$ cat coords.txt   # compact mmCIF, C-alpha atoms
# COMPACT_ATOMS: atom_id res chain seq x y z
CA MET V 169 -25.95 -13.56 13.77
CA PRO V 170 -24.92 -11.50 10.74
CA THR V 171 -21.36 -12.05 9.53
CA GLN V 172 -18.96 -9.33 8.43
CA LEU V 173 -19.59 -10.26 4.81
CA ASP V 174 -23.36 -10.15 5.30
CA SER V 175 -22.91 -6.60 6.56
CA LEU V 176 -20.78 -5.76 3.55
CA ALA V 177 -23.44 -7.24 1.28
CA ALA V 178 -25.99 -4.92 2.83
CA ALA V 179 -23.67 -1.90 2.69
CA GLY V 180 -24.44 -0.76 -0.84
CA TRP V 181 -22.85 -3.65 -2.75
CA LEU V 182 -26.22 -5.02 -3.89
CA ASN V 183 -27.01 -1.92 -5.97
CA PHE V 184 -23.44 -1.04 -6.92
CA ALA V 185 -23.08 0.31 -10.49
CA ASP V 186 -20.51 -2.33 -11.48
CA ALA V 187 -20.92 -6.10 -11.28
CA VAL V 188 -19.71 -7.40 -7.90
CA LEU V 189 -19.09 -10.85 -6.41
CA LEU V 190 -18.27 -11.29 -2.70
CA VAL V 191 -16.60 -14.49 -1.46
CA ASP V 192 -16.01 -15.60 2.13
CA ASP V 193 -12.81 -17.12 3.56
CA ALA V 194 -14.16 -20.62 2.79
CA GLY V 195 -14.31 -19.79 -0.91
CA GLN V 196 -18.12 -19.65 -1.02
CA ILE V 197 -20.19 -16.94 -2.70
CA VAL V 198 -21.84 -14.49 -0.31
CA LEU V 199 -23.22 -12.00 -2.83
CA LEU V 200 -23.77 -11.67 -6.56
CA ASN V 201 -25.20 -8.18 -7.02
CA ARG V 202 -27.93 -7.05 -9.39
CA ARG V 203 -25.55 -5.69 -12.04
CA ALA V 204 -23.68 -9.02 -12.08
CA GLN V 205 -26.95 -10.89 -12.54
CA GLU V 206 -27.78 -8.69 -15.54
CA MET V 207 -24.28 -8.84 -17.03
CA PHE V 208 -23.86 -12.61 -16.75
CA GLU V 209 -27.54 -13.58 -16.90
CA MET V 210 -27.15 -15.67 -13.73
CA ASP V 211 -29.48 -16.16 -10.75
CA ALA V 212 -27.95 -14.75 -7.55
CA ASP V 213 -30.01 -16.99 -5.26
CA ALA V 214 -28.86 -20.10 -7.14
CA TRP V 215 -25.22 -19.15 -6.64
CA ARG V 216 -25.33 -17.98 -3.02
CA GLY V 217 -23.30 -20.45 -0.94
CA ALA V 218 -21.82 -22.14 -4.02
CA PRO V 219 -18.03 -22.46 -4.44
CA ALA V 220 -16.56 -19.48 -6.27
CA SER V 221 -14.49 -21.94 -8.32
CA ASP V 222 -17.72 -23.32 -9.82
CA PHE V 223 -18.79 -19.80 -10.75
CA TYR V 224 -15.44 -19.16 -12.43
CA ARG V 225 -15.78 -22.33 -14.50
CA ALA V 226 -19.32 -21.36 -15.56
CA LEU V 227 -18.11 -17.91 -16.52
CA ALA V 228 -15.03 -19.17 -18.37
CA ALA V 229 -17.24 -21.47 -20.46
CA ARG V 230 -18.88 -18.36 -21.92
CA CYS V 231 -15.66 -16.53 -22.73
CA ALA V 232 -14.37 -15.97 -26.26
CA SER V 233 -10.93 -17.37 -25.52
CA ASP V 234 -9.06 -20.65 -25.58
CA ALA V 235 -7.10 -19.73 -22.45
CA ASP V 236 -7.76 -21.51 -19.17
CA LEU V 237 -9.64 -18.57 -17.73
CA ALA V 238 -11.13 -20.49 -14.80
CA ARG V 239 -7.63 -21.20 -13.51
CA GLN V 240 -6.60 -17.56 -14.12
CA PHE V 241 -9.63 -16.36 -12.14
CA GLU V 242 -8.74 -18.58 -9.19
CA ASN V 243 -5.06 -17.59 -9.37
CA HIS V 244 -6.00 -13.91 -9.23
CA ALA V 245 -8.41 -14.57 -6.37
CA GLN V 246 -5.64 -16.22 -4.31
CA ARG V 247 -3.19 -13.43 -5.12
CA ALA V 248 -5.54 -10.45 -5.13
CA ALA V 249 -2.95 -8.05 -3.72
CA GLU V 250 -0.35 -8.98 -6.36
CA LEU V 251 -2.60 -9.63 -9.41
CA PRO V 252 -5.58 -7.35 -8.95
CA ARG V 253 -6.69 -6.99 -12.60
CA LEU V 254 -7.54 -9.22 -15.55
CA GLU V 255 -9.14 -8.33 -18.88
CA PHE V 256 -11.11 -10.87 -20.91
CA THR V 257 -13.84 -11.10 -23.54
CA LEU V 258 -17.30 -12.48 -22.77
CA GLN V 259 -19.86 -13.75 -25.30
CA THR V 260 -23.33 -12.50 -24.24
CA PRO V 261 -24.26 -13.11 -27.17
CA THR V 262 -22.24 -10.23 -28.61
CA LEU V 263 -18.61 -9.85 -27.61
CA ARG V 264 -18.08 -7.70 -24.53
CA VAL V 265 -14.69 -6.71 -23.11
CA LEU V 266 -14.65 -6.86 -19.32
CA GLU V 267 -12.04 -5.74 -16.82
CA THR V 268 -11.95 -7.79 -13.61
CA GLN V 269 -10.57 -6.41 -10.36
CA TRP V 270 -9.99 -8.44 -7.17
CA PHE V 271 -9.73 -6.87 -3.71
CA CYS V 272 -9.30 -8.24 -0.19
CA LEU V 273 -12.06 -7.69 2.36
CA ALA V 274 -10.64 -9.29 5.54
CA PRO V 275 -7.15 -10.80 5.68
CA ILE V 276 -7.23 -14.39 6.98
CA ALA V 277 -3.74 -15.69 6.15
CA PRO V 278 -0.72 -14.46 4.19
CA ARG V 279 -2.05 -15.93 0.91
CA ALA V 280 -5.78 -16.13 1.57
CA CYS V 281 -8.58 -13.74 2.47
CA ALA V 282 -12.24 -13.08 2.09
CA TYR V 283 -12.37 -11.10 -1.11
CA GLY V 284 -14.50 -9.31 -3.65
CA VAL V 285 -14.46 -9.28 -7.44
CA MET V 286 -15.60 -6.32 -9.52
CA TRP V 287 -16.34 -6.45 -13.26
CA ARG V 288 -16.44 -3.34 -15.41
CA ASP V 289 -17.68 -3.33 -19.02
CA LEU V 290 -15.00 -1.71 -21.21
CA THR V 291 -16.70 -2.48 -24.54
CA ARG V 292 -18.07 1.00 -25.19
CA ALA V 293 -14.95 2.74 -23.88
CA GLN V 294 -12.72 0.67 -26.14
CA ALA V 295 -15.03 1.23 -29.11
CA THR V 296 -14.94 4.98 -28.43
CA GLU V 297 -11.16 4.93 -28.17
CA GLN V 298 -10.92 3.02 -31.44
CA MET V 299 -13.30 5.48 -33.09
CA GLN V 300 -11.20 8.40 -31.89
CA LYS V 301 -8.09 6.82 -33.40
CA GLN V 302 -9.91 6.24 -36.67
CA LEU V 303 -11.24 9.78 -36.56
CA LEU V 304 -7.74 11.23 -36.23
CA ALA V 305 -6.43 9.03 -39.02
CA THR V 306 -9.37 9.84 -41.29
CA VAL V 307 -9.31 13.57 -40.65
CA SER V 308 -5.56 13.84 -41.19
CA HIS V 309 -5.81 11.86 -44.45
CA GLU V 310 -9.01 13.39 -45.82
CA LEU V 311 -8.01 16.96 -44.98
CA ARG V 312 -4.58 16.64 -46.54
CA THR V 313 -5.71 16.11 -50.15
CA PRO V 314 -8.19 19.00 -50.56
CA LEU V 315 -5.98 21.37 -48.58
CA ALA V 316 -3.03 20.53 -50.81
CA SER V 317 -5.14 21.18 -53.93
CA ILE V 318 -6.54 24.45 -52.61
CA LYS V 319 -3.14 25.71 -51.56
CA GLY V 320 -1.46 24.53 -54.76
CA PHE V 321 -3.92 26.14 -57.18
CA ALA V 322 -4.26 29.32 -55.12
CA THR V 323 -0.47 29.67 -55.06
CA THR V 324 -0.34 29.07 -58.81
CA LEU V 325 -2.93 31.79 -59.47
CA LEU V 326 -0.96 34.24 -57.31
CA ARG V 327 2.30 33.79 -59.23
CA GLN V 328 3.58 37.11 -60.55
CA ASP V 329 5.74 35.64 -63.31
CA VAL V 330 2.89 33.90 -65.17
CA ARG V 331 -0.27 35.32 -66.76
CA TRP V 332 -3.05 32.76 -66.98
CA ASP V 333 -5.80 33.02 -69.58
CA ASP V 334 -9.43 33.27 -68.42
CA ALA V 335 -10.27 29.63 -69.17
CA THR V 336 -7.31 28.37 -67.11
CA GLN V 337 -8.14 30.68 -64.22
CA ARG V 338 -11.76 29.48 -64.20
CA GLU V 339 -10.60 25.85 -64.21
CA PHE V 340 -8.26 26.47 -61.26
CA LEU V 341 -11.03 28.28 -59.37
CA ARG V 342 -13.46 25.44 -60.13
CA ILE V 343 -11.03 22.94 -58.59
CA ILE V 344 -10.58 25.17 -55.53
CA GLU V 345 -14.37 25.34 -55.14
CA GLU V 346 -14.77 21.55 -55.44
CA GLU V 347 -12.04 20.88 -52.89
CA SER V 348 -13.56 23.47 -50.54
CA ASN V 349 -16.88 21.63 -50.86
CA ARG V 350 -15.11 18.39 -49.91
CA LEU V 351 -13.75 20.06 -46.78
CA GLU V 352 -17.19 21.43 -45.90
CA GLU V 353 -18.76 17.98 -46.36
CA LEU V 354 -16.13 16.35 -44.13
CA ILE V 355 -16.69 18.94 -41.39
CA ASP V 356 -20.48 18.52 -41.64
CA ASN V 357 -20.11 14.74 -41.41
CA LEU V 358 -17.93 15.02 -38.32
CA LEU V 359 -20.44 17.35 -36.67
CA ASP V 360 -23.34 15.02 -37.52
CA MET V 361 -21.42 12.03 -36.22
CA SER V 362 -20.64 13.79 -32.94
CA GLN V 363 -24.33 14.69 -32.54
CA MET V 364 -25.33 11.09 -33.18
CA GLU V 365 -22.85 9.80 -30.61
CA ALA V 366 -24.27 12.27 -28.09
CA GLY V 367 -27.87 11.36 -28.99
CA ALA V 368 -28.49 14.94 -30.10
CA LEU V 369 -29.07 14.62 -33.84
CA ARG V 370 -31.75 17.19 -34.65
CA ILE V 371 -34.70 16.03 -36.74
CA GLN V 372 -37.62 18.34 -37.57
CA ARG V 373 -40.26 16.08 -39.10
CA GLU V 374 -43.22 17.34 -41.07
CA PRO V 375 -45.57 15.96 -43.76
CA VAL V 376 -43.46 15.81 -46.93
CA GLN V 377 -44.18 15.04 -50.58
CA LEU V 378 -41.42 12.53 -51.28
CA ARG V 379 -41.82 12.68 -55.08
CA GLY V 380 -40.32 16.18 -55.29
CA LEU V 381 -37.35 15.31 -53.04
CA LEU V 382 -36.55 12.21 -55.11
CA ARG V 383 -36.65 14.00 -58.45
CA GLU V 384 -34.57 16.89 -57.11
CA ALA V 385 -31.92 14.50 -55.77
CA VAL V 386 -31.78 12.58 -59.07
CA GLU V 387 -31.38 15.80 -61.08
CA ASN V 388 -28.50 16.89 -58.85
CA ALA V 389 -26.86 13.47 -59.18
CA GLN V 390 -27.22 13.48 -62.98
CA ARG V 391 -25.31 16.76 -63.15
CA ARG V 392 -22.36 15.06 -61.41
CA THR V 393 -21.92 12.27 -63.94
CA GLU V 394 -22.01 11.66 -67.68
CA ALA V 395 -21.33 7.93 -67.47
CA HIS V 396 -24.55 7.00 -65.68
CA TRP V 397 -28.23 7.30 -66.45
CA PHE V 398 -31.06 7.34 -63.95
CA VAL V 399 -34.39 5.51 -63.99
CA VAL V 400 -37.06 6.85 -61.64
CA ASP V 401 -40.02 4.53 -61.03
CA LEU V 402 -42.62 5.97 -58.66
CA PRO V 403 -46.21 4.84 -58.05
CA SER V 404 -48.96 7.11 -59.36
CA GLU V 405 -50.20 7.63 -55.81
CA LEU V 406 -47.32 8.36 -53.43
CA PRO V 407 -48.54 9.34 -49.93
CA ARG V 408 -46.85 11.97 -47.85
CA VAL V 409 -44.29 10.81 -45.29
CA TRP V 410 -43.15 12.12 -41.93
CA ALA V 411 -39.69 13.47 -42.66
CA ASP V 412 -37.20 16.26 -42.20
CA PRO V 413 -36.72 17.45 -45.82
CA ARG V 414 -33.14 18.62 -45.27
CA ARG V 415 -32.09 15.35 -43.68
CA ILE V 416 -33.79 13.19 -46.31
CA ARG V 417 -32.04 15.20 -49.03
CA GLN V 418 -28.81 14.36 -47.20
CA VAL V 419 -29.72 10.65 -47.22
CA LEU V 420 -30.65 10.64 -50.92
CA ASN V 421 -27.59 12.62 -51.98
CA ASN V 422 -25.29 10.26 -50.06
CA LEU V 423 -26.84 7.07 -51.47
CA LEU V 424 -26.87 8.42 -55.03
CA GLU V 425 -23.28 9.63 -54.74
CA ASN V 426 -22.22 6.18 -53.50
CA ALA V 427 -24.10 4.56 -56.39
CA ILE V 428 -22.08 6.71 -58.79
CA LYS V 429 -18.73 6.18 -57.04
CA TYR V 430 -19.09 2.42 -56.71
CA SER V 431 -20.14 1.84 -60.31
CA PRO V 432 -17.01 3.28 -61.96
CA ASP V 433 -17.86 1.79 -65.37
CA GLY V 434 -21.11 3.76 -65.49
CA GLY V 435 -24.50 2.26 -66.21
CA GLU V 436 -28.02 2.46 -64.86
CA ILE V 437 -28.93 3.73 -61.42
CA SER V 438 -32.57 3.19 -60.49
CA VAL V 439 -34.68 4.95 -57.90
CA ARG V 440 -37.95 3.27 -56.93
CA CYS V 441 -40.65 3.49 -54.29
CA GLU V 442 -43.06 0.92 -52.89
CA VAL V 443 -46.01 1.73 -50.65
CA GLU V 444 -46.84 -0.62 -47.79
CA ALA V 445 -49.51 -0.31 -45.11
CA THR V 446 -47.78 2.25 -42.88
CA ARG V 447 -44.56 3.05 -44.69
CA VAL V 448 -42.88 3.90 -47.97
CA ILE V 449 -39.83 1.91 -49.07
CA VAL V 450 -37.28 3.84 -51.16
CA SER V 451 -34.75 1.80 -53.17
CA ILE V 452 -31.58 3.04 -54.89
CA ALA V 453 -29.87 0.39 -57.03
CA ASP V 454 -26.67 0.41 -59.08
CA ARG V 455 -24.87 -2.06 -61.33
CA GLY V 456 -21.48 -1.46 -59.77
CA VAL V 457 -18.90 -3.52 -57.94
CA GLY V 458 -21.29 -4.69 -55.22
CA ILE V 459 -20.54 -5.54 -51.59
CA PRO V 460 -19.20 -8.93 -50.49
CA PRO V 461 -21.75 -10.86 -48.37
CA ALA V 462 -19.48 -10.90 -45.32
CA LEU V 463 -19.23 -7.10 -45.33
CA ARG V 464 -22.87 -6.11 -45.84
CA ALA V 465 -23.60 -6.00 -42.10
CA ARG V 466 -20.68 -3.60 -41.57
CA VAL V 467 -21.25 -1.01 -44.30
CA PHE V 468 -23.20 1.20 -41.86
CA ASP V 469 -20.42 1.18 -39.25
CA PRO V 470 -18.54 4.47 -38.76
CA PHE V 471 -15.31 4.69 -40.77
CA PHE V 472 -15.93 1.37 -42.52
CA GLN V 473 -15.16 1.25 -46.23
CA VAL V 474 -15.25 -1.67 -48.64
CA ASP V 475 -11.61 -2.22 -49.58
CA GLY V 476 -10.94 -3.84 -52.91
CA SER V 477 -8.98 -3.30 -56.08
CA SER V 478 -11.99 -1.68 -57.74
CA THR V 479 -12.81 0.63 -54.80
CA ARG V 480 -9.43 1.59 -53.36
CA GLY V 481 -9.32 4.91 -55.20
CA VAL V 482 -12.82 6.00 -54.24
CA GLY V 483 -11.81 7.83 -51.05
CA GLY V 484 -14.14 9.36 -48.50
CA SER V 485 -14.35 9.57 -44.74
CA GLY V 486 -16.33 6.36 -44.20
CA LEU V 487 -18.94 8.30 -42.21
CA GLY V 488 -21.63 8.79 -44.85
CA LEU V 489 -23.58 5.54 -44.43
CA ALA V 490 -23.27 5.64 -40.63
CA ILE V 491 -24.86 9.10 -40.68
CA VAL V 492 -27.53 7.93 -43.14
CA LYS V 493 -28.42 5.08 -40.79
CA GLY V 494 -28.64 7.49 -37.85
CA ILE V 495 -30.91 9.85 -39.78
CA ILE V 496 -33.26 7.06 -40.86
CA ALA V 497 -33.35 5.64 -37.32
CA ALA V 498 -34.29 9.10 -36.03
CA HIS V 499 -37.21 9.00 -38.50
CA HIS V 500 -38.32 5.66 -36.96
CA GLY V 501 -37.37 3.92 -40.19
CA ALA V 502 -35.01 1.13 -41.21
CA ILE V 503 -32.23 0.89 -43.79
CA TRP V 504 -30.47 -2.13 -45.27
CA VAL V 505 -28.51 -3.27 -48.32
CA GLU V 506 -29.12 -6.21 -50.65
CA PRO V 507 -27.25 -7.62 -53.64
CA MET V 508 -28.57 -7.14 -57.15
CA PRO V 509 -29.30 -10.35 -59.12
CA GLU V 510 -26.23 -10.07 -61.36
CA ARG V 511 -23.96 -7.35 -59.96
CA GLY V 512 -24.27 -4.20 -57.91
CA SER V 513 -26.16 -3.27 -54.76
CA VAL V 514 -29.54 -1.90 -53.77
CA PHE V 515 -29.96 0.23 -50.66
CA ARG V 516 -33.47 0.40 -49.22
CA PHE V 517 -34.85 2.62 -46.48
CA THR V 518 -38.29 3.22 -45.03
CA LEU V 519 -40.19 6.29 -43.90
CA PRO V 520 -43.52 6.35 -42.03
CA ILE V 521 -46.61 7.42 -43.96
CA VAL V 522 -48.61 10.41 -42.74
CA THR V 523 -52.00 9.24 -41.48
CA ASP V 524 -55.14 11.29 -40.82
CA ALA V 525 -54.97 10.35 -37.14
CA ALA V 526 -51.38 11.56 -36.89
CA LEU V 527 -52.28 14.84 -38.61
CA THR V 528 -55.19 15.38 -36.22
CA GLU V 529 -52.90 14.80 -33.22
CA THR V 530 -50.35 17.23 -34.66
CA ASP V 531 -53.02 19.88 -35.11
CA LYS V 532 -54.02 19.45 -31.44
CA LEU V 533 -50.44 19.91 -30.31
CA ALA V 534 -50.09 23.02 -32.49
$ encode --input "coords.txt" --output "C-alpha cells"
Amino acid sequence: MPTQLDSLAAAGWLNFADAVLLVDDAGQIVLLNRRAQEMFEMDADAWRGAPASDFYRALAARCASDADLARQFENHAQRAAELPRLEFTLQTPTLRVLETQWFCLAPIAPRACAYGVMWRDLTRAQATEQMQKQLLATVSHELRTPLASIKGFATTLLRQDVRWDDATQREFLRIIEEESNRLEELIDNLLDMSQMEAGALRIQREPVQLRGLLREAVENAQRRTEAHWFVVDLPSELPRVWADPRRIRQVLNNLLENAIKYSPDGGEISVRCEVEATRVIVSIADRGVGIPPALRARVFDPFFQVDGSSTRGVGGSGLGLAIVKGIIAAHHGAIWVEPMPERGSVFRFTLPIVTDAALTETDKLA
C-alpha cells in the first residue's frame, strides 16, 4: 500500500526544478529527484532506502570546506522548523554555491518529522550580483576621469577673463575629443557586455579578406604610438575567413591597444597569421610586462585586470578581453594567451576558413 511519502514522491517532486531529497520518519531516503541526481552525480536507485545520514556524509566529503558539514546537515534536519537554511560550497568539479532548505512533511514528534530537503544553485546568481557590484564600481571610477577632464577644459575655454591662442584652444579641444571617445568606448563595452550576458551579441558573418583588416588595424595602432614599431608577417596565400568585419576590427583594435598599453617601454609588436586545415590563427605579440602564469586563465574574465606596479596606471574598464572572447566564440573560434620566450605576451585567436562547400550552401540559402 502506498505511503504518504510515496504519494508525495509521485506528486511532482520527481521532476521539480530544484534538487529535492525526501526522508521518512525512520531517517531513510524515499526520493532523490532527477535534478538532485544531476547536481550531485548520484544514482537515485542506489540511495533509495539508505539512511539520510550516509547521504549527508557522502555529500560533505565533496564540499569545499573544513567544517563538519555532515553534522550540520543532520542538525538542520532534526530542527527543520528552527534552522531551515544552510549555504555551502560544493566541488563538482568546479565550485558551486548551494543553498539548502529543510521543510517538514508530516510531524511525528516535537523534534522529529518526515522531512524534505531542497537544494538551489546560487552560483550564477552570486556571480551576477558580484558582476553588478563590479560594474557599478567600474562605471563610477571610469566615468569620473573623462567627465572631469571634459568639464574642466570646457569650463576653461568658456572663461571670459582669459583669451586663449589658437594652438592652446586646439589642444584643449583635442583632449575633450579624446576623453569623449573614452566615454563612448566605455558605453559601447557595457552594451556589448550586456548583450553577451543575454546571449544576444549580434554577429553578421560573411567571407572576409583578413589581410586588409589586419593592415588597417596595424596602421591605426601605429598612429597611436611613437614608442612602438609593428612587424606584420602574413603568408603569401591567406584564405578568406567567415567573419563579421566590424567585430573583428573591434577584436584587433583591442588586442593591439593592450599590446601598446602593457609594453610601456615601447618595442616591437608583431602581427602574424598561420593557416591550418580549417582555420586561420592570428597572433599579436608584445615585449611588455607579460602576465603571471597564475593569472593567464583569468585575463578573459569580465572586470579582471592584471594588477602590478608596472600596470597600475594603465586604467580601463576590464571588459575589453571578455568582449573579445565573446566575439571570437560567436565566430566559432578560440582565443588564448601564451608567454613570450623572454618577456611579454602573445594573444592568439582562430577564425574558420571559407570553404567551397560552405559558399555553395550560403548561395542556396540566399
$ residues_around --input "coords.txt" --residues "V:Phe223" --least-positions-apart "4" --cutoff "10 Å" --atoms "all atoms listed in the file" --output "list of chain:residue names"
V:Leu189, V:Gln196, V:Ile197, V:Met210, V:Trp215, V:Ala218, V:Pro219, V:Leu227, V:Ala228, V:Ala229, V:Ala238, V:Phe241
$ closest_atom_pairs --input "coords.txt" --of "stretch 343-369 of chain V" --to "stretch 415-433 of chain V" --cutoff "12 Å" --atoms "all atoms listed in the file" --output "JSON lines"
{"residue": "V:Glu353", "atom": "CA", "partner": "V:Gln418", "partner_atom": "CA", "distance": 10.7}
{"residue": "V:Asp356", "atom": "CA", "partner": "V:Gln418", "partner_atom": "CA", "distance": 10.8}
{"residue": "V:Asn357", "atom": "CA", "partner": "V:Gln418", "partner_atom": "CA", "distance": 10.5}
{"residue": "V:Asp360", "atom": "CA", "partner": "V:Arg415", "partner_atom": "CA", "distance": 10.7}
{"residue": "V:Leu369", "atom": "CA", "partner": "V:Arg415", "partner_atom": "CA", "distance": 10.3}
$ closest_residue --input "coords.txt" --among "V:Pro461, V:Arg516, V:Ile437, V:Asn349" --to "V:Ala389" --atoms "all atoms listed in the file"
V:Ile437
$ closest_residue --input "coords.txt" --among "V:Leu382, V:Ser221, V:Pro470, V:Glu255" --to "V:Leu358" --atoms "all atoms listed in the file"
V:Pro470
$ closest_atom_pairs --input "coords.txt" --of "stretch 350-375 of chain V" --to "stretch 498-514 of chain V" --cutoff "9 Å" --atoms "only C-alpha atoms" --output "JSON lines"
{"residue": "V:Leu369", "atom": "CA", "partner": "V:Ala498", "partner_atom": "CA", "distance": 7.9}
{"residue": "V:Arg370", "atom": "CA", "partner": "V:Ala498", "partner_atom": "CA", "distance": 8.6}
{"residue": "V:Ile371", "atom": "CA", "partner": "V:Ala498", "partner_atom": "CA", "distance": 7.0}
{"residue": "V:Arg373", "atom": "CA", "partner": "V:His499", "partner_atom": "CA", "distance": 7.7}
$ residues_around --input "coords.txt" --residues "V:Ala187" --least-positions-apart "3" --cutoff "12 Å" --atoms "all atoms listed in the file" --output "number ranges by chain"
V: 181-184, 190, 199-210, 212, 266-270, 284-289
$ atom_distance --input "coords.txt" --atom1 "atom CA of V:Arg327" --atom2 "atom CA of V:Phe340"
13.0 Å
$ atom_distance --input "coords.txt" --atom1 "atom CA of V:Val522" --atom2 "atom CA of V:Val443"
12.0 Å
$ closest_residue --input "coords.txt" --among "V:Asp236, V:Gln372, V:Leu254, V:Pro413" --to "V:Ala385" --atoms "only C-alpha atoms"
V:Pro413
$ closest_residue --input "coords.txt" --among "V:Gly456, V:Gly494, V:Pro314, V:Gly380" --to "V:Arg350" --atoms "all atoms listed in the file"
V:Pro314
$ closest_residue --input "coords.txt" --among "V:Ile344, V:Leu290, V:Val450, V:Leu406" --to "V:Asp186" --atoms "all atoms listed in the file"
V:Leu290
